[in-house]
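Visitor: This is the content of entry37.pdb (PDB, C-alpha atoms, pLDDT in the B column):
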MODEL        1
ATOM      1  CA  MET A1086     138.977 131.973 157.105  1.00 51.00           C
ATOM      2  CA  THR A1087     139.194 132.136 153.383  1.00 51.00           C
ATOM      3  CA  SER A1088     136.649 133.212 150.840  1.00 51.00           C
ATOM      4  CA  THR A1089     136.459 132.237 147.250  1.00 50.00           C
ATOM      5  CA  ALA A1090     135.192 134.731 144.714  1.00 51.00           C
ATOM      6  CA  THR A1091     132.489 133.397 142.463  1.00 52.00           C
ATOM      7  CA  ARG A1092     133.672 133.232 138.916  1.00 53.00           C
ATOM      8  CA  GLN A1093     131.100 133.650 136.208  1.00 54.00           C
ATOM      9  CA  THR A1094     131.630 131.891 132.926  1.00 48.00           C
ATOM     10  CA  PRO A1095     131.110 134.296 130.067  1.00 49.00           C
ATOM     11  CA  VAL A1096     128.031 133.398 128.076  1.00 47.00           C
ATOM     12  CA  ALA A1097     128.350 133.412 124.318  1.00 45.00           C
ATOM     13  CA  PRO A1098     125.966 135.832 122.694  1.00 48.00           C
ATOM     14  CA  ALA A1099     122.876 134.180 121.295  1.00 49.00           C
ATOM     15  CA  ARG A1100     122.424 134.231 117.565  1.00 53.00           C
ATOM     16  CA  THR A1101     119.413 135.956 116.128  1.00 53.00           C
ATOM     17  CA  LEU A1102     117.553 135.060 112.983  1.00 57.00           C
ATOM     18  CA  SER A1103     119.044 136.263 109.755  1.00 60.00           C
ATOM     19  CA  SER A1104     117.768 139.450 108.196  1.00 76.00           C
ATOM     20  CA  PRO A1105     114.156 139.218 106.976  1.00 81.00           C
ATOM     21  CA  ALA A1106     115.295 140.080 103.456  1.00 83.00           C
ATOM     22  CA  ALA A1107     117.651 137.085 103.338  1.00 82.00           C
ATOM     23  CA  ALA A1108     114.997 134.744 104.741  1.00 84.00           C
ATOM     24  CA  ILE A1109     112.375 135.963 102.274  1.00 88.00           C
ATOM     25  CA  GLY A1110     114.866 135.694  99.414  1.00 88.00           C
ATOM     26  CA  VAL A1111     115.802 132.112 100.282  1.00 88.00           C
ATOM     27  CA  LEU A1112     112.130 131.180 100.706  1.00 88.00           C
ATOM     28  CA  ALA A1113     111.264 132.691  97.319  1.00 90.00           C
ATOM     29  CA  LEU A1114     114.230 130.982  95.629  1.00 89.00           C
ATOM     30  CA  THR A1115     113.264 127.656  97.193  1.00 91.00           C
ATOM     31  CA  GLY A1116     109.701 128.024  95.993  1.00 90.00           C
ATOM     32  CA  VAL A1117     110.670 128.945  92.436  1.00 92.00           C
ATOM     33  CA  LEU A1118     113.269 126.176  92.097  1.00 90.00           C
ATOM     34  CA  SER A1119     110.999 123.568  93.691  1.00 91.00           C
ATOM     35  CA  LEU A1120     108.122 124.408  91.343  1.00 91.00           C
ATOM     36  CA  ALA A1121     110.483 124.311  88.366  1.00 90.00           C
ATOM     37  CA  ALA A1122     111.818 120.937  89.529  1.00 90.00           C
ATOM     38  CA  LEU A1123     108.334 119.454  89.925  1.00 89.00           C
ATOM     39  CA  LEU A1124     106.503 121.070  87.002  1.00 88.00           C
ATOM     40  CA  GLY A1125     109.333 121.591  84.512  1.00 87.00           C
ATOM     41  CA  PRO A1126     110.408 119.203  81.741  1.00 87.00           C
ATOM     42  CA  ASN A1127     111.923 115.848  82.643  1.00 86.00           C
ATOM     43  CA  LEU A1128     115.707 116.259  82.540  1.00 84.00           C
ATOM     44  CA  VAL A1129     116.376 112.623  83.411  1.00 80.00           C
ATOM     45  CA  ALA A1130     115.104 110.648  80.415  1.00 70.00           C
ATOM     46  CA  ASP A1131     117.241 110.493  77.303  1.00 65.00           C
ATOM     47  CA  ASP A1132     116.179 109.809  73.741  1.00 53.00           C
ATOM     48  CA  LEU A1133     116.226 106.082  74.488  1.00 47.00           C
ATOM     49  CA  GLY A1134     113.839 106.408  77.423  1.00 51.00           C
ATOM     50  CA  MET A1135     116.594 105.672  79.965  1.00 49.00           C
ATOM     51  CA  THR A1136     117.371 102.321  78.302  1.00 50.00           C
ATOM     52  CA  MET A1137     120.943 101.481  79.221  1.00 48.00           C
ATOM     53  CA  THR A1138     123.218 100.994  76.238  1.00 49.00           C
ATOM     54  CA  MET A1139     126.301 100.048  78.249  1.00 54.00           C
ATOM     55  CA  GLY A1140     127.228  98.932  81.739  1.00 76.00           C
ATOM     56  CA  MET A1141     126.646 102.046  83.841  1.00 87.00           C
ATOM     57  CA  THR A1142     124.564 103.174  86.770  1.00 91.00           C
ATOM     58  CA  HIS A1143     121.723 105.659  86.448  1.00 91.00           C
ATOM     59  CA  TYR A1144     123.996 108.113  88.252  1.00 93.00           C
ATOM     60  CA  MET A1145     126.519 107.986  85.413  1.00 92.00           C
ATOM     61  CA  GLU A1146     123.861 107.931  82.731  1.00 90.00           C
ATOM     62  CA  LEU A1147     122.225 111.003  84.228  1.00 91.00           C
ATOM     63  CA  LEU A1148     125.486 112.925  83.894  1.00 91.00           C
ATOM     64  CA  ALA A1149     126.302 111.483  80.483  1.00 88.00           C
ATOM     65  CA  VAL A1150     123.099 112.368  78.626  1.00 87.00           C
ATOM     66  CA  HIS A1151     122.191 115.866  77.438  1.00 87.00           C
ATOM     67  CA  GLN A1152     125.763 117.135  77.690  1.00 86.00           C
ATOM     68  CA  PRO A1153     126.733 119.598  79.014  1.00 90.00           C
ATOM     69  CA  ARG A1154     123.389 120.562  80.588  1.00 91.00           C
ATOM     70  CA  ASN A1155     122.987 117.611  82.953  1.00 93.00           C
ATOM     71  CA  LEU A1156     126.637 117.661  83.976  1.00 94.00           C
ATOM     72  CA  LEU A1157     126.345 121.334  84.898  1.00 95.00           C
ATOM     73  CA  LEU A1158     122.986 121.086  86.676  1.00 94.00           C
ATOM     74  CA  PHE A1159     123.427 117.849  88.594  1.00 95.00           C
ATOM     75  CA  MET A1160     127.183 117.841  89.233  1.00 94.00           C
ATOM     76  CA  ALA A1161     129.017 121.108  88.594  1.00 95.00           C
ATOM     77  CA  ILE A1162     126.668 123.522  90.393  1.00 95.00           C
ATOM     78  CA  PRO A1163     126.237 121.557  93.664  1.00 94.00           C
ATOM     79  CA  VAL A1164     129.910 120.574  93.784  1.00 93.00           C
ATOM     80  CA  VAL A1165     131.134 124.129  93.105  1.00 95.00           C
ATOM     81  CA  LEU A1166     128.868 125.438  95.876  1.00 95.00           C
ATOM     82  CA  ALA A1167     130.090 122.758  98.290  1.00 93.00           C
ATOM     83  CA  GLU A1168     133.760 123.318  97.427  1.00 93.00           C
ATOM     84  CA  THR A1169     133.301 127.066  97.807  1.00 95.00           C
ATOM     85  CA  LEU A1170     131.826 126.484 101.259  1.00 94.00           C
ATOM     86  CA  ALA A1171     134.646 124.096 102.195  1.00 93.00           C
ATOM     87  CA  ILE A1172     137.407 126.492 101.116  1.00 93.00           C
ATOM     88  CA  THR A1173     135.893 129.564 102.747  1.00 92.00           C
ATOM     89  CA  GLU A1174     135.214 127.516 105.883  1.00 89.00           C
ATOM     90  CA  LEU A1175     138.920 126.689 106.183  1.00 89.00           C
ATOM     91  CA  VAL A1176     139.833 130.357 105.811  1.00 90.00           C
ATOM     92  CA  ILE A1177     137.312 131.347 108.492  1.00 86.00           C
ATOM     93  CA  LEU A1178     138.511 128.609 110.872  1.00 84.00           C
ATOM     94  CA  PHE A1179     142.164 129.632 110.532  1.00 86.00           C
ATOM     95  CA  ALA A1180     141.783 133.407 110.270  1.00 83.00           C
ATOM     96  CA  ARG A1181     138.853 133.838 112.678  1.00 79.00           C
ATOM     97  CA  SER A1182     138.361 137.575 113.306  1.00 82.00           C
ATOM     98  CA  ALA A1183     140.955 138.435 110.648  1.00 84.00           C
ATOM     99  CA  THR A1184     138.897 136.777 107.910  1.00 84.00           C
ATOM    100  CA  PRO A1185     138.421 139.168 104.958  1.00 90.00           C
ATOM    101  CA  THR A1186     134.863 140.413 104.537  1.00 91.00           C
ATOM    102  CA  TRP A1187     134.627 139.101 100.983  1.00 92.00           C
ATOM    103  CA  VAL A1188     135.379 135.566 102.187  1.00 91.00           C
ATOM    104  CA  ARG A1189     132.538 135.664 104.719  1.00 90.00           C
ATOM    105  CA  THR A1190     130.224 137.177 102.127  1.00 92.00           C
ATOM    106  CA  THR A1191     131.100 134.490  99.584  1.00 94.00           C
ATOM    107  CA  SER A1192     130.539 131.756 102.162  1.00 92.00           C
ATOM    108  CA  ARG A1193     127.203 133.244 103.185  1.00 92.00           C
ATOM    109  CA  ILE A1194     125.916 133.589  99.620  1.00 94.00           C
ATOM    110  CA  ALA A1195     126.972 130.030  98.739  1.00 95.00           C
ATOM    111  CA  GLY A1196     125.371 128.744 101.932  1.00 94.00           C
ATOM    112  CA  LEU A1197     122.082 130.503 101.259  1.00 94.00           C
ATOM    113  CA  ILE A1198     121.906 129.215  97.679  1.00 95.00           C
ATOM    114  CA  ALA A1199     123.108 125.635  98.274  1.00 95.00           C
ATOM    115  CA  GLY A1200     120.000 124.443 100.126  1.00 96.00           C
ATOM    116  CA  PRO A1201     117.380 125.610  97.606  1.00 96.00           C
ATOM    117  CA  VAL A1202     119.443 124.323  94.662  1.00 96.00           C
ATOM    118  CA  MET A1203     119.954 120.840  96.127  1.00 96.00           C
ATOM    119  CA  LEU A1204     116.344 120.639  97.277  1.00 97.00           C
ATOM    120  CA  ALA A1205     115.181 121.348  93.715  1.00 96.00           C
ATOM    121  CA  ILE A1206     117.526 118.646  92.371  1.00 96.00           C
ATOM    122  CA  PHE A1207     116.253 116.219  95.021  1.00 97.00           C
ATOM    123  CA  LEU A1208     112.595 116.841  94.126  1.00 96.00           C
ATOM    124  CA  HIS A1209     113.223 116.538  90.379  1.00 95.00           C
ATOM    125  CA  LEU A1210     115.092 113.250  90.664  1.00 95.00           C
ATOM    126  CA  LEU A1211     112.666 111.872  93.236  1.00 95.00           C
ATOM    127  CA  VAL A1212     109.698 112.417  90.908  1.00 94.00           C
ATOM    128  CA  ASN A1213     111.382 111.590  87.599  1.00 93.00           C
ATOM    129  CA  ALA A1214     113.851 108.871  88.578  1.00 92.00           C
ATOM    130  CA  VAL A1215     113.542 107.322  92.041  1.00 94.00           C
ATOM    131  CA  VAL A1216     109.777 106.742  92.065  1.00 95.00           C
ATOM    132  CA  PRO A1217     109.556 105.421  88.451  1.00 93.00           C
ATOM    133  CA  LEU A1218     112.590 103.163  88.891  1.00 92.00           C
ATOM    134  CA  THR A1219     111.205 101.770  92.144  1.00 94.00           C
ATOM    135  CA  VAL A1220     107.722 101.177  90.737  1.00 94.00           C
ATOM    136  CA  THR A1221     108.970  99.495  87.554  1.00 91.00           C
ATOM    137  CA  GLY A1222     111.856  97.616  89.159  1.00 89.00           C
ATOM    138  CA  GLY A1223     114.338  99.438  86.967  1.00 89.00           C
ATOM    139  CA  TRP A1224     117.228  99.685  89.427  1.00 92.00           C
ATOM    140  CA  ARG A1225     120.522  98.304  88.142  1.00 91.00           C
ATOM    141  CA  GLY A1226     121.635  96.423  91.208  1.00 92.00           C
ATOM    142  CA  PRO A1227     123.057  97.554  94.580  1.00 94.00           C
ATOM    143  CA  ALA A1228     125.656  99.925  93.119  1.00 94.00           C
ATOM    144  CA  ASP A1229     122.922 101.825  91.289  1.00 94.00           C
ATOM    145  CA  VAL A1230     120.773 102.222  94.399  1.00 95.00           C
ATOM    146  CA  ILE A1231     123.709 103.244  96.609  1.00 96.00           C
ATOM    147  CA  ALA A1232     124.961 105.830  94.110  1.00 96.00           C
ATOM    148  CA  VAL A1233     121.604 107.519  93.615  1.00 96.00           C
ATOM    149  CA  MET A1234     120.550 107.432  97.270  1.00 96.00           C
ATOM    150  CA  PHE A1235     123.838 108.827  98.556  1.00 97.00           C
ATOM    151  CA  TYR A1236     123.693 111.530  95.898  1.00 96.00           C
ATOM    152  CA  LEU A1237     120.193 112.506  97.014  1.00 97.00           C
ATOM    153  CA  ALA A1238     121.275 112.366 100.676  1.00 97.00           C
ATOM    154  CA  GLY A1239     123.334 115.478  99.918  1.00 96.00           C
ATOM    155  CA  VAL A1240     120.130 117.483 100.298  1.00 97.00           C
ATOM    156  CA  ILE A1241     120.284 117.075 104.098  1.00 97.00           C
ATOM    157  CA  PRO A1242     123.649 118.786 104.770  1.00 96.00           C
ATOM    158  CA  LEU A1243     123.173 121.488 102.129  1.00 96.00           C
ATOM    159  CA  VAL A1244     119.726 122.427 103.409  1.00 96.00           C
ATOM    160  CA  GLY A1245     121.238 122.298 106.889  1.00 96.00           C
ATOM    161  CA  ILE A1246     123.894 124.829 105.874  1.00 95.00           C
ATOM    162  CA  THR A1247     121.212 127.164 104.556  1.00 95.00           C
ATOM    163  CA  LEU A1248     119.349 126.873 107.857  1.00 94.00           C
ATOM    164  CA  VAL A1249     122.572 127.745 109.692  1.00 93.00           C
ATOM    165  CA  GLU A1250     122.997 130.828 107.505  1.00 91.00           C
ATOM    166  CA  LEU A1251     119.413 131.849 108.283  1.00 91.00           C
ATOM    167  CA  GLY A1252     120.068 131.539 112.003  1.00 87.00           C
ATOM    168  CA  LEU A1253     117.657 128.638 112.508  1.00 89.00           C
ATOM    169  CA  ILE A1254     120.404 126.196 113.559  1.00 89.00           C
ATOM    170  CA  GLY A1255     123.196 127.130 115.964  1.00 82.00           C
ATOM    171  CA  THR A1256     122.418 129.107 119.115  1.00 76.00           C
ATOM    172  CA  ASP A1257     125.661 131.095 119.078  1.00 83.00           C
ATOM    173  CA  PRO A1258     128.458 131.886 116.595  1.00 82.00           C
ATOM    174  CA  ALA A1259     130.695 129.048 117.822  1.00 83.00           C
ATOM    175  CA  SER A1260     127.874 126.515 117.569  1.00 88.00           C
ATOM    176  CA  ALA A1261     126.906 127.801 114.132  1.00 87.00           C
ATOM    177  CA  LEU A1262     130.505 127.398 112.939  1.00 86.00           C
ATOM    178  CA  LYS A1263     130.592 123.803 114.192  1.00 90.00           C
ATOM    179  CA  TRP A1264     127.294 122.962 112.478  1.00 93.00           C
ATOM    180  CA  HIS A1265     128.510 124.600 109.292  1.00 90.00           C
ATOM    181  CA  ALA A1266     131.713 122.555 109.245  1.00 90.00           C
ATOM    182  CA  THR A1267     129.853 119.350 110.167  1.00 94.00           C
ATOM    183  CA  PHE A1268     127.340 119.745 107.337  1.00 95.00           C
ATOM    184  CA  ILE A1269     130.112 120.408 104.823  1.00 94.00           C
ATOM    185  CA  ALA A1270     131.954 117.272 105.957  1.00 93.00           C
ATOM    186  CA  ILE A1271     128.776 115.180 105.659  1.00 96.00           C
ATOM    187  CA  PHE A1272     128.108 116.459 102.146  1.00 95.00           C
ATOM    188  CA  LEU A1273     131.639 115.691 100.993  1.00 93.00           C
ATOM    189  CA  VAL A1274     131.357 112.138 102.357  1.00 95.00           C
ATOM    190  CA  VAL A1275     127.985 111.303 100.769  1.00 96.00           C
ATOM    191  CA  ALA A1276     128.951 112.972  97.485  1.00 95.00           C
ATOM    192  CA  HIS A1277     132.136 110.946  97.176  1.00 95.00           C
ATOM    193  CA  VAL A1278     130.388 107.688  98.085  1.00 97.00           C
ATOM    194  CA  ALA A1279     127.870 108.474  95.325  1.00 96.00           C
ATOM    195  CA  MET A1280     130.697 109.132  92.861  1.00 95.00           C
ATOM    196  CA  ILE A1281     132.542 105.916  93.684  1.00 96.00           C
ATOM    197  CA  PHE A1282     129.517 103.649  93.363  1.00 96.00           C
ATOM    198  CA  GLY A1283     128.154 105.700  90.485  1.00 94.00           C
ATOM    199  CA  MET A1284     131.296 105.070  88.435  1.00 93.00           C
ATOM    200  CA  LEU A1285     131.239 101.367  89.260  1.00 92.00           C
ATOM    201  CA  ASP A1286     130.040  98.878  86.662  1.00 89.00           C
ATOM    202  CA  PRO A1287     126.762  97.522  88.135  1.00 90.00           C
ATOM    203  CA  ALA A1288     127.849  94.011  87.115  1.00 88.00           C
ATOM    204  CA  VAL A1289     130.579  94.079  89.769  1.00 90.00           C
ATOM    205  CA  LEU A1290     127.915  93.838  92.475  1.00 85.00           C
ATOM    206  CA  GLY A1291     125.912  91.206  90.652  1.00 83.00           C
ATOM    207  CA  TYR A1292     123.653  93.095  88.240  1.00 81.00           C
ATOM    208  CA  ARG A1293     123.070  91.492  84.859  1.00 78.00           C
ATOM    209  CA  MET A1294     122.270  93.857  82.049  1.00 68.00           C
ATOM    210  CA  ILE A1295     119.320  92.913  79.875  1.00 64.00           C
ATOM    211  CA  HIS A1296     119.922  93.823  76.265  1.00 54.00           C
ATOM    212  CA  GLU A1297     116.867  95.164  74.527  1.00 45.00           C
ATOM    213  CA  HIS A1298     116.441  94.802  70.801  1.00 40.00           C
TER     214      HIS A1298
ENDMDL
END
Would it be possible to restate this file's structure as structure tokens?
Guide:
Amino acid sequence: MTSTATRQTPVAPARTLSSPAAAIGVLALTGVLSLAALLGPNLVADDLGMTMTMGMTHYMELLAVHQPRNLLLFMAIPVVLAETLAITELVILFARSATPTWVRTTSRIAGLIAGPVMLAIFLHLLVNAVVPLTVTGGWRGPADVIAVMFYLAGVIPLVGITLVELGLIGTDPASALKWHATFIAIFLVVAHVAMIFGMLDPAVLGYRMIHEH
């Protein structure tokens, strides 16, 4: 007669919510940036009232006007945050427990800031660009729509990363790491799709520019 000992699978420790201070800080930052995005000056319109002077999408025009402000706000800041998260994520995945403290701290700070920043950008462009362009029929063909929509879709993964950092997504450290990496991958995909179509001449996909005199 043989007996088999019952083996218990170790259960990964459950994650708890982030520190109240971090949650309150992120909430306050989100509120301030969102109010600034909705109530602040319109950063989208140029001196020509967004009248296209050459064959380009609104995505490219947004980055081209008011240099270097728009380039920094709408491209440099979100991309730097995302690249910082991607690089530190690779270090954490390879080094695991040997990861230097400053790397984890950098990743955490970038993750906590990324969501509020991208949400503010999303709200500002939604109110000042997407809604007006849709109401007035001002879109410059399929390439224009794809570029802007994929750019704005970046709000989902970056807000998701912030929620992971706050402990609201991911029930254990391993799950949180997977969500973190997944959200970073999604952001990089949508951001690059936006760049490709944003740099495309709208005429390639059938748009005909109307010259205004």
Visitor: Could you tell me how far CA of Val1233 (chain A) sits from CA of Val1215 (chain A), in Å to one decimal place?
Guide: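 A separation of 8.2 Å between them.
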Visitor: Written as a PDB file with C-alpha atoms, in the coordinates of the input, which residues does the PyMOL selection byres ((chain A and resi 1171-1180) around 10) give for the file shown?
Guide:
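Now in expr_33.pdb:
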ATOM      1  CA  VAL A1165     131.134 124.129  93.105  1.00 95.00           C
ATOM      2  CA  LEU A1166     128.868 125.438  95.876  1.00 95.00           C
ATOM      3  CA  ALA A1167     130.090 122.758  98.290  1.00 93.00           C
ATOM      4  CA  GLU A1168     133.760 123.318  97.427  1.00 93.00           C
ATOM      5  CA  THR A1169     133.301 127.066  97.807  1.00 95.00           C
ATOM      6  CA  LEU A1170     131.826 126.484 101.259  1.00 94.00           C
ATOM      7  CA  ARG A1181     138.853 133.838 112.678  1.00 79.00           C
ATOM      8  CA  SER A1182     138.361 137.575 113.306  1.00 82.00           C
ATOM      9  CA  ALA A1183     140.955 138.435 110.648  1.00 84.00           C
ATOM     10  CA  THR A1184     138.897 136.777 107.910  1.00 84.00           C
ATOM     11  CA  PRO A1185     138.421 139.168 104.958  1.00 90.00           C
ATOM     12  CA  TRP A1187     134.627 139.101 100.983  1.00 92.00           C
ATOM     13  CA  VAL A1188     135.379 135.566 102.187  1.00 91.00           C
ATOM     14  CA  ARG A1189     132.538 135.664 104.719  1.00 90.00           C
ATOM     15  CA  THR A1190     130.224 137.177 102.127  1.00 92.00           C
ATOM     16  CA  THR A1191     131.100 134.490  99.584  1.00 94.00           C
ATOM     17  CA  SER A1192     130.539 131.756 102.162  1.00 92.00           C
ATOM     18  CA  ARG A1193     127.203 133.244 103.185  1.00 92.00           C
ATOM     19  CA  ALA A1195     126.972 130.030  98.739  1.00 95.00           C
ATOM     20  CA  LEU A1262     130.505 127.398 112.939  1.00 86.00           C
ATOM     21  CA  LYS A1263     130.592 123.803 114.192  1.00 90.00           C
ATOM     22  CA  HIS A1265     128.510 124.600 109.292  1.00 90.00           C
ATOM     23  CA  ALA A1266     131.713 122.555 109.245  1.00 90.00           C
ATOM     24  CA  PHE A1268     127.340 119.745 107.337  1.00 95.00           C
ATOM     25  CA  ILE A1269     130.112 120.408 104.823  1.00 94.00           C
ATOM     26  CA  ALA A1270     131.954 117.272 105.957  1.00 93.00           C
ATOM     27  CA  LEU A1273     131.639 115.691 100.993  1.00 93.00           C
TER      28      LEU A1273
END
Visitor: Would you please work out which residue, of A:Leu1118, A:Ala1288, A:Leu1148, A:Leu1112, is nearest to Pro1227 (chain A) when using all atoms listed in the file?
Guide: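 Using all atoms listed in the file, the shortest distance to Pro1227 (chain A) belongs to A:Ala1288.
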Visitor: Suppose you want the space between CA of Val1244 (chain A) and CA of Asn1127 (chain A); what is it in Å?
Guide: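 Calculated distance between CA of Val1244 (chain A) and CA of Asn1127 (chain A) is 23.1 Å.
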Visitor: For the structure shown, which residues end up in the PyMOL selection byres ((chain A and resi 1120) around 12)? Put them as a list in words, please?
Guide: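 After applying the PyMOL selection byres ((chain A and resi 1120) around 12), what remains is Ala1113, Leu1114, Thr1115, Gly1116, Val1117, Leu1118, Ser1119, Ala1121, Ala1122, Leu1123, Leu1124, Gly1125, Pro1126, Pro1201, Val1202, Leu1204, Ala1205, Ile1206, Leu1208 and His1209 of chain A.
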Visitor: Taking the file as shown, what set of residues would the PyMOL selection byres ((chain A and resi 1252) around 12) give back, as a PyMOL selection string?
Guide: chain A and resi 1099-1105+1107-1108+1193+1196-1197+1245-1251+1253-1258+1260-1262+1264-1265
Visitor: Go through A:Thr1267, A:Phe1207, A:Val1220, A:Arg1225 one by one, measure the shortest atom-to-atom distance of each to Leu1237 (chain A) using all atoms listed in the file, and give the residue with the smallest value.
Guide: A:Phe1207
